[in-house]
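Pasting run.txt here (compact mmCIF, C-alpha atoms):
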```txt
# COMPACT_ATOMS: atom_id res chain seq x y z
CA MET A 27 4.20 14.74 -24.04
CA ASP A 28 7.29 15.54 -26.11
CA GLN A 29 8.31 12.18 -27.58
CA GLU A 30 11.90 13.36 -28.02
CA LEU A 31 12.17 13.93 -24.26
CA TRP A 32 10.39 10.73 -23.29
CA PRO A 33 9.60 9.86 -20.53
CA SER A 34 10.00 13.43 -19.21
CA GLY A 35 6.62 15.12 -18.87
CA LEU A 36 4.69 11.91 -18.27
CA GLY A 37 1.40 12.95 -16.65
CA VAL A 38 1.05 11.03 -13.37
CA LEU A 39 -1.97 11.31 -11.06
CA VAL A 40 -1.36 10.10 -7.49
CA ILE A 41 -4.26 9.33 -5.14
CA ASP A 42 -3.64 8.68 -1.45
CA ASN A 43 -5.57 9.68 1.68
CA ASN A 44 -2.28 10.26 3.52
CA PHE A 45 -1.19 13.88 3.00
CA SER A 46 2.37 13.20 4.14
CA TYR A 47 2.85 10.31 1.74
CA LEU A 48 1.32 12.30 -1.11
CA LYS A 49 4.06 14.88 -0.59
CA VAL A 50 6.73 12.17 -0.59
CA MET A 51 5.35 10.69 -3.82
CA GLU A 52 5.18 14.10 -5.47
CA GLU A 53 8.82 14.82 -4.67
CA LEU A 54 9.99 11.43 -5.94
CA LEU A 55 8.01 11.67 -9.17
CA ILE A 56 9.23 15.19 -9.86
CA LYS A 57 12.79 13.87 -9.52
CA CYS A 58 11.87 11.43 -12.30
CA SER A 59 10.87 14.44 -14.46
CA TYR A 60 7.19 13.50 -14.45
CA LYS A 61 4.33 16.00 -14.36
CA VAL A 62 2.54 15.26 -11.09
CA THR A 63 -1.01 15.87 -9.82
CA THR A 64 -2.07 14.68 -6.36
CA TYR A 65 -5.43 14.10 -4.65
CA ASN A 66 -6.37 12.69 -1.25
CA ASN A 67 -10.03 12.22 -2.13
CA VAL A 68 -11.32 9.57 -4.52
CA ARG A 69 -14.35 11.52 -5.77
CA GLU A 70 -12.31 14.66 -6.41
CA ALA A 71 -9.73 12.60 -8.24
CA MET A 72 -12.45 11.05 -10.41
CA SER A 73 -13.76 14.51 -11.29
CA PHE A 74 -10.24 15.54 -12.30
CA ILE A 75 -9.87 12.46 -14.52
CA TYR A 76 -13.17 13.16 -16.27
CA ALA A 77 -12.18 16.76 -16.95
CA ASN A 78 -8.52 16.15 -17.82
CA GLN A 79 -8.27 12.64 -19.19
CA GLN A 80 -5.99 13.72 -22.05
CA SER A 81 -3.34 14.96 -19.62
CA VAL A 82 -3.36 11.87 -17.38
CA ASP A 83 -1.00 9.22 -18.74
CA LEU A 84 -0.86 7.03 -15.65
CA ILE A 85 -2.54 6.74 -12.24
CA ILE A 86 -0.94 5.58 -9.00
CA CYS A 87 -3.64 4.84 -6.44
CA ASP A 88 -3.32 3.80 -2.81
CA LEU A 89 -5.29 0.81 -1.57
CA PHE A 90 -8.16 2.76 -0.02
CA PHE A 91 -10.57 1.51 2.58
CA PRO A 92 -13.30 0.76 1.83
CA THR A 93 -11.92 -1.36 -1.01
CA GLU A 94 -14.74 -0.24 -3.32
CA ASP A 95 -13.10 3.18 -3.71
CA THR A 96 -9.90 1.72 -5.14
CA LEU A 97 -11.83 -0.65 -7.39
CA LEU A 98 -13.94 2.29 -8.61
CA ILE A 99 -10.85 4.21 -9.68
CA LEU A 100 -9.33 1.09 -11.21
CA ARG A 101 -12.37 0.08 -13.25
CA GLU A 102 -13.24 3.59 -14.42
CA ALA A 103 -9.67 4.45 -15.37
CA THR A 104 -8.89 1.22 -17.19
CA SER A 105 -12.20 0.37 -18.85
CA LYS A 106 -13.60 3.81 -19.63
CA PHE A 107 -10.46 5.84 -20.30
CA GLY A 108 -7.79 3.21 -20.91
CA ILE A 109 -5.41 4.84 -18.42
CA PRO A 110 -2.80 2.44 -16.96
CA THR A 111 -3.32 2.26 -13.20
CA VAL A 112 -0.78 1.13 -10.60
CA ILE A 113 -1.98 0.15 -7.13
CA MET A 114 0.26 0.78 -4.11
CA SER A 115 -0.16 -0.59 -0.61
CA SER A 116 1.75 -1.68 2.47
CA ASN A 117 -0.18 -4.97 2.22
CA GLY A 118 1.46 -7.21 -0.36
CA ASP A 119 -0.09 -10.60 0.30
CA THR A 120 -0.67 -12.72 -2.78
CA SER A 121 -4.49 -12.70 -2.63
CA THR A 122 -4.59 -8.90 -2.50
CA VAL A 123 -2.15 -8.54 -5.40
CA MET A 124 -4.09 -11.08 -7.46
CA LYS A 125 -7.39 -9.30 -6.79
CA TYR A 126 -6.24 -6.00 -8.22
CA ILE A 127 -4.17 -7.36 -11.09
CA THR A 128 -7.12 -9.45 -12.28
CA ASN A 129 -9.31 -6.34 -12.07
CA GLY A 130 -7.06 -4.51 -14.49
CA ALA A 131 -4.19 -3.00 -12.48
CA SER A 132 -1.00 -2.60 -14.51
CA ASP A 133 1.16 -3.23 -11.45
CA PHE A 134 1.02 -3.58 -7.67
CA LEU A 135 3.79 -1.83 -5.72
CA ILE A 136 4.60 -2.16 -2.03
CA LYS A 137 4.99 0.94 0.13
CA PRO A 138 7.29 2.68 0.69
CA LEU A 139 7.95 3.06 -3.04
CA ARG A 140 11.52 3.51 -4.20
CA ILE A 141 12.57 6.02 -6.85
CA GLU A 142 14.01 3.13 -8.88
CA GLU A 143 10.51 1.67 -9.19
CA LEU A 144 8.99 5.00 -10.17
CA LYS A 145 11.59 5.56 -12.87
CA ASN A 146 10.23 2.48 -14.63
CA ILE A 147 6.50 3.21 -14.53
CA TRP A 148 6.64 4.67 -18.06
CA GLN A 149 6.68 1.04 -19.28
CA HIS A 150 2.97 0.78 -18.48
CA VAL A 151 2.24 3.77 -20.71
CA PHE A 152 4.18 2.11 -23.53
CA ARG A 153 1.89 -0.88 -23.15
CA LYS A 154 -1.16 1.38 -23.51
CA GLN A 155 0.27 2.98 -26.66
CA ILE A 156 0.36 -0.32 -28.50
CA GLY A 157 -3.17 -1.13 -27.31
CA ALA A 158 -2.51 -4.79 -26.53
CA GLU A 159 0.61 -6.93 -26.59
CA HIS A 160 -0.64 -9.39 -29.20
CA ARG A 161 -0.76 -6.71 -31.92
CA MET A 162 2.96 -6.19 -31.52
CA CYS A 163 3.54 -9.74 -32.70
CA ASN A 164 2.61 -8.69 -36.25
CA ASN A 165 5.67 -6.42 -36.35
CA VAL A 166 8.22 -8.60 -34.55
CA GLN A 167 8.54 -12.07 -36.08
CA HIS A 168 10.84 -13.45 -33.41
CA ILE A 169 8.24 -13.08 -30.66
CA ASP A 170 5.22 -14.52 -32.44
CA GLN A 171 4.68 -16.83 -29.47
CA LEU A 172 3.35 -13.88 -27.49
CA SER A 173 -0.27 -14.46 -28.40
CA PHE A 174 -3.26 -13.67 -26.24
CA ARG A 175 -5.98 -15.08 -28.46
CA THR A 176 -9.04 -14.69 -26.31
CA THR A 177 -11.28 -15.65 -29.23
CA GLU A 178 -10.11 -19.27 -28.98
CA ALA A 179 -11.56 -21.49 -26.30
CA THR A 180 -14.01 -18.68 -25.51
CA ALA A 181 -16.72 -20.90 -24.12
CA THR A 182 -14.31 -22.60 -21.74
CA LEU A 183 -12.81 -19.31 -20.54
CA ASP A 184 -16.22 -17.71 -20.07
CA SER A 185 -17.25 -20.67 -17.93
CA GLU A 186 -14.12 -20.32 -15.82
CA ILE A 187 -14.77 -16.63 -15.30
CA ARG A 188 -18.36 -17.21 -14.18
CA GLU A 189 -17.45 -20.02 -11.82
CA ASN A 190 -14.15 -18.78 -10.40
CA ASN A 191 -14.51 -15.00 -10.03
CA GLY A 192 -12.45 -14.25 -13.11
CA MET A 193 -9.53 -16.53 -12.23
CA VAL A 194 -8.28 -19.23 -14.60
CA THR A 195 -7.91 -22.44 -12.57
CA ASP A 196 -7.42 -25.11 -15.26
CA ILE A 197 -5.81 -24.83 -18.71
CA GLN A 198 -6.65 -28.31 -19.99
CA ASP A 199 -9.02 -26.97 -22.68
CA LEU A 200 -6.61 -24.20 -23.68
CA ARG A 201 -3.92 -26.67 -24.70
CA LYS A 202 -3.84 -27.31 -28.44
CA SER A 203 -0.51 -27.91 -30.21
CA ARG A 204 0.85 -25.35 -27.76
CA LEU A 205 -0.58 -23.45 -24.82
CA ILE A 206 -2.75 -20.44 -25.64
CA TRP A 207 -1.88 -17.66 -23.20
CA THR A 208 -5.19 -15.83 -22.87
CA MET A 209 -5.16 -12.30 -21.45
CA GLN A 210 -6.62 -13.53 -18.15
CA LEU A 211 -4.00 -16.25 -17.78
CA HIS A 212 -1.28 -13.72 -18.60
CA ARG A 213 -2.61 -11.33 -15.94
CA GLN A 214 -2.34 -14.09 -13.34
CA PHE A 215 1.21 -14.75 -14.51
CA ILE A 216 2.07 -11.04 -14.09
CA ALA A 217 0.44 -10.97 -10.65
CA ALA A 218 2.59 -13.91 -9.56
CA VAL A 219 5.76 -12.26 -10.90
CA ASN A 220 4.93 -8.99 -9.16
CA SER A 221 4.25 -10.69 -5.83
CA LEU A 222 7.62 -12.45 -5.97
CA GLY A 223 9.65 -9.56 -7.35
CA ALA A 224 11.36 -9.69 -10.74
CA ASP A 225 14.69 -10.92 -9.35
CA LYS A 226 13.06 -13.82 -7.47
CA ALA A 227 10.43 -14.79 -10.06
CA VAL A 228 11.59 -18.24 -11.14
CA PRO A 229 9.26 -20.70 -12.95
CA LYS A 230 8.81 -23.04 -9.98
CA LYS A 231 7.71 -20.26 -7.61
CA ILE A 232 5.50 -18.62 -10.24
CA LEU A 233 3.75 -21.97 -10.82
CA GLU A 234 3.17 -22.44 -7.08
CA ILE A 235 1.50 -19.03 -6.78
CA MET A 236 -0.64 -19.32 -9.93
CA LYS A 237 -2.09 -22.70 -8.87
CA VAL A 238 -3.45 -23.49 -12.35
CA LYS A 239 -4.11 -27.15 -13.10
CA HIS A 240 -2.16 -28.74 -15.99
CA LEU A 241 0.14 -25.72 -16.27
CA THR A 242 3.77 -26.86 -16.27
CA ARG A 243 7.03 -25.30 -15.12
CA GLU A 244 8.33 -25.57 -18.70
CA GLN A 245 5.39 -23.52 -20.01
CA ILE A 246 6.02 -20.87 -17.35
CA ALA A 247 9.73 -20.76 -18.24
CA SER A 248 8.92 -20.37 -21.93
CA HIS A 249 6.45 -17.56 -21.32
CA LEU A 250 8.89 -15.78 -18.99
CA GLN A 251 11.55 -15.89 -21.70
CA VAL A 252 9.11 -14.59 -24.33
CA ILE A 253 8.03 -11.69 -22.11
CA ASN A 254 11.63 -10.66 -21.45
CA SER A 255 12.48 -10.90 -25.16
CA PHE A 256 9.36 -8.95 -26.06
CA TRP A 257 10.30 -5.99 -23.88
CA TYR A 258 13.86 -5.74 -25.11
CA ILE A 259 12.80 -5.75 -28.77
CA TYR A 260 9.74 -3.58 -28.21
CA ILE A 261 11.57 -0.82 -26.34
CA TYR A 262 14.36 -0.90 -28.92
CA LEU A 263 11.87 -0.34 -31.73
CA LEU A 264 10.07 2.54 -30.00
CA VAL A 265 13.11 4.33 -28.69
CA GLN A 266 14.97 3.61 -31.96
CA ASP A 267 18.68 4.18 -31.41
CA LYS A 268 18.23 5.00 -27.71
CA TYR A 269 18.16 1.44 -26.40
CA ILE A 270 16.77 1.17 -22.86
CA ALA A 271 16.96 -2.19 -21.14
CA PRO A 272 14.03 -2.80 -18.75
CA THR A 273 14.85 -3.79 -15.20
CA VAL A 274 11.56 -5.52 -14.41
CA VAL A 275 9.34 -8.11 -16.03
CA ALA A 276 6.14 -6.48 -17.26
```
Could you show the structure in this file as structure tokens?
Amino acid sequence: MDQELWPSGLGVLVIDNNFSYLKVMEELLIKCSYKVTTYNNVREAMSFIYANQQSVDLIICDLFFPTEDTLLILREATSKFGIPTVIMSSNGDTSTVMKYITNGASDFLIKPLRIEELKNIWQHVFRKQIGAEHRMCNNVQHIDQLSFRTTEATATLDSEIRENNGMVTDIQDLRKSRLIWTMQLHRQFIAAVNSLGADKAVPKKILEIMKVKHLTREQIASHLQVINSFWYIYIYLLVQDKYIAPTVVA
């Protein structure tokens, strides 16, 4: 990709077993100036990823049935290649969204997708470029609260993962002088925000969806403010003088 023309030329792979919707997605993404590749078969798409991983910046994958196909793409793309993967589906119930976000999805979008949503998917590639959000804190002093220290309270978190299918259900042992937002807890926060929609994601509703014991509305509000501040500063630093204000919480 030409960084001066960012995000034009972003390499997007779309996977959907519906030929008609693949065509719709291709046309919308091209309007966003992305470089688009489409597949309607999971195995063929996986072969393409293996052979062309350097040219795939982001994957948008439909919620296939059986579910294992979507999870296969998600786990291979995120864990093996580090490619941000967005899941799309007409089914947006909270349990489904949570399932895929906690398995590594960068976002969960509800069909039919709007061009306004697709124009913002480059934000997930930005996240990949910094590796992990907590490393950004070393460069931006004002957002040092954004800390995902998974090394602390490791034994407690590991126990939660074994007993609750990867979901954090109680933060009592993560509370020191202030709450430690582990990566897993942050993913559940993002899943709740995505299920509500950025414009309706208020602390009270986020807390109700997360259902984590001892987590307070004040802690949710603080983290929401930090995330918003993080994105404004982060995008400003990367784009330099071309300030772009994000329209969604990510």
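Between atom CA of A:Val40 and atom CA of A:Asn117 the interatomic distance comes to 18.0 Å.
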**OP:** Do a neighbour search on A:Met124 at 8 Å with all atoms listed in the file, toss out local chain neighbours closer than 4 positions, and write the hits as number ranges by chain.
**Re:** A: 120, 128, 214, 217-218
Subject >> Who sits within 6 Å of stretch 85-102 of chain A, only C-alpha atoms, same chain under 6 positions skipped, as a PyMOL selection string >> reply: chain A and resi 38-42+111-115
Original post:
So what do you get for atom CA of A:Val82 versus atom CA of A:Gly35, distance-wise?
Top reply: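 Separation between atom CA of A:Val82 and atom CA of A:Gly35: 10.6 Å.
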**OP:** Could you check how far atom CA of A:Ile197 sits from atom CA of A:Lys239, in Å to one decimal?
**Re:**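 For atom CA of A:Ile197 relative to atom CA of A:Lys239, the distance reads 6.3 Å.
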**OP:** Using only C-alpha atoms, find the one residue out of A:Met193, A:Leu241, A:Val68, A:Ala77 that sits nearest to A:Asn129.
**Re:** A:Met193
Original post:
So, counting only C-alpha atoms, which residue among A:Ile109, A:Leu36, A:Met236, A:Ile75 is closest to A:Cys58?
Top reply: A:Leu36
**OP:** Would you kindly return, as a list in words, each protein, DNA or RNA residue with an atom no farther than 10 Å from any atom of stretch 139-142 of chain A, considering only C-alpha atoms and excluding same-chain residues fewer than 6 positions away?
**Re:** Val50, Met51, Glu53, Leu54, Leu55, Lys57, Cys58, Met114, Ser115, Ser116 and Thr273 of chain A
Subject >> Selected residue of minimal separation from A:Gly118 among A:Leu84, A:Ile246, A:Ala131, A:Leu222, counting all atoms listed in the file >> reply: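 With all atoms listed in the file as the atom set, the closest residue is A:Leu222.
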Subject >> Best match for closeness to A:Ser81 among A:Ile253, A:Lys61, A:Gly108, A:Gly37, counting only C-alpha atoms >> reply: A:Gly37
Original post:
Between A:Glu70, A:Asp83, A:Glu52, A:Asp196, which is the closest to A:Pro33 once you count only C-alpha atoms?
Top reply: A:Asp83
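Across A:Asn220, A:Ser248, A:Thr242, A:Thr195, the tightest approach to A:Asp119 is made by A:Asn220 when counting all atoms listed in the file.
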Original post:
What residues have an atom no more than 12 Å from (12.0, -13.5, -11.0) in the file's own frame, counting only C-alpha atoms, and can you write them as a ChimeraX atom specification?
Top reply: /A:215-233,246-247,250-251,253-254,273-276
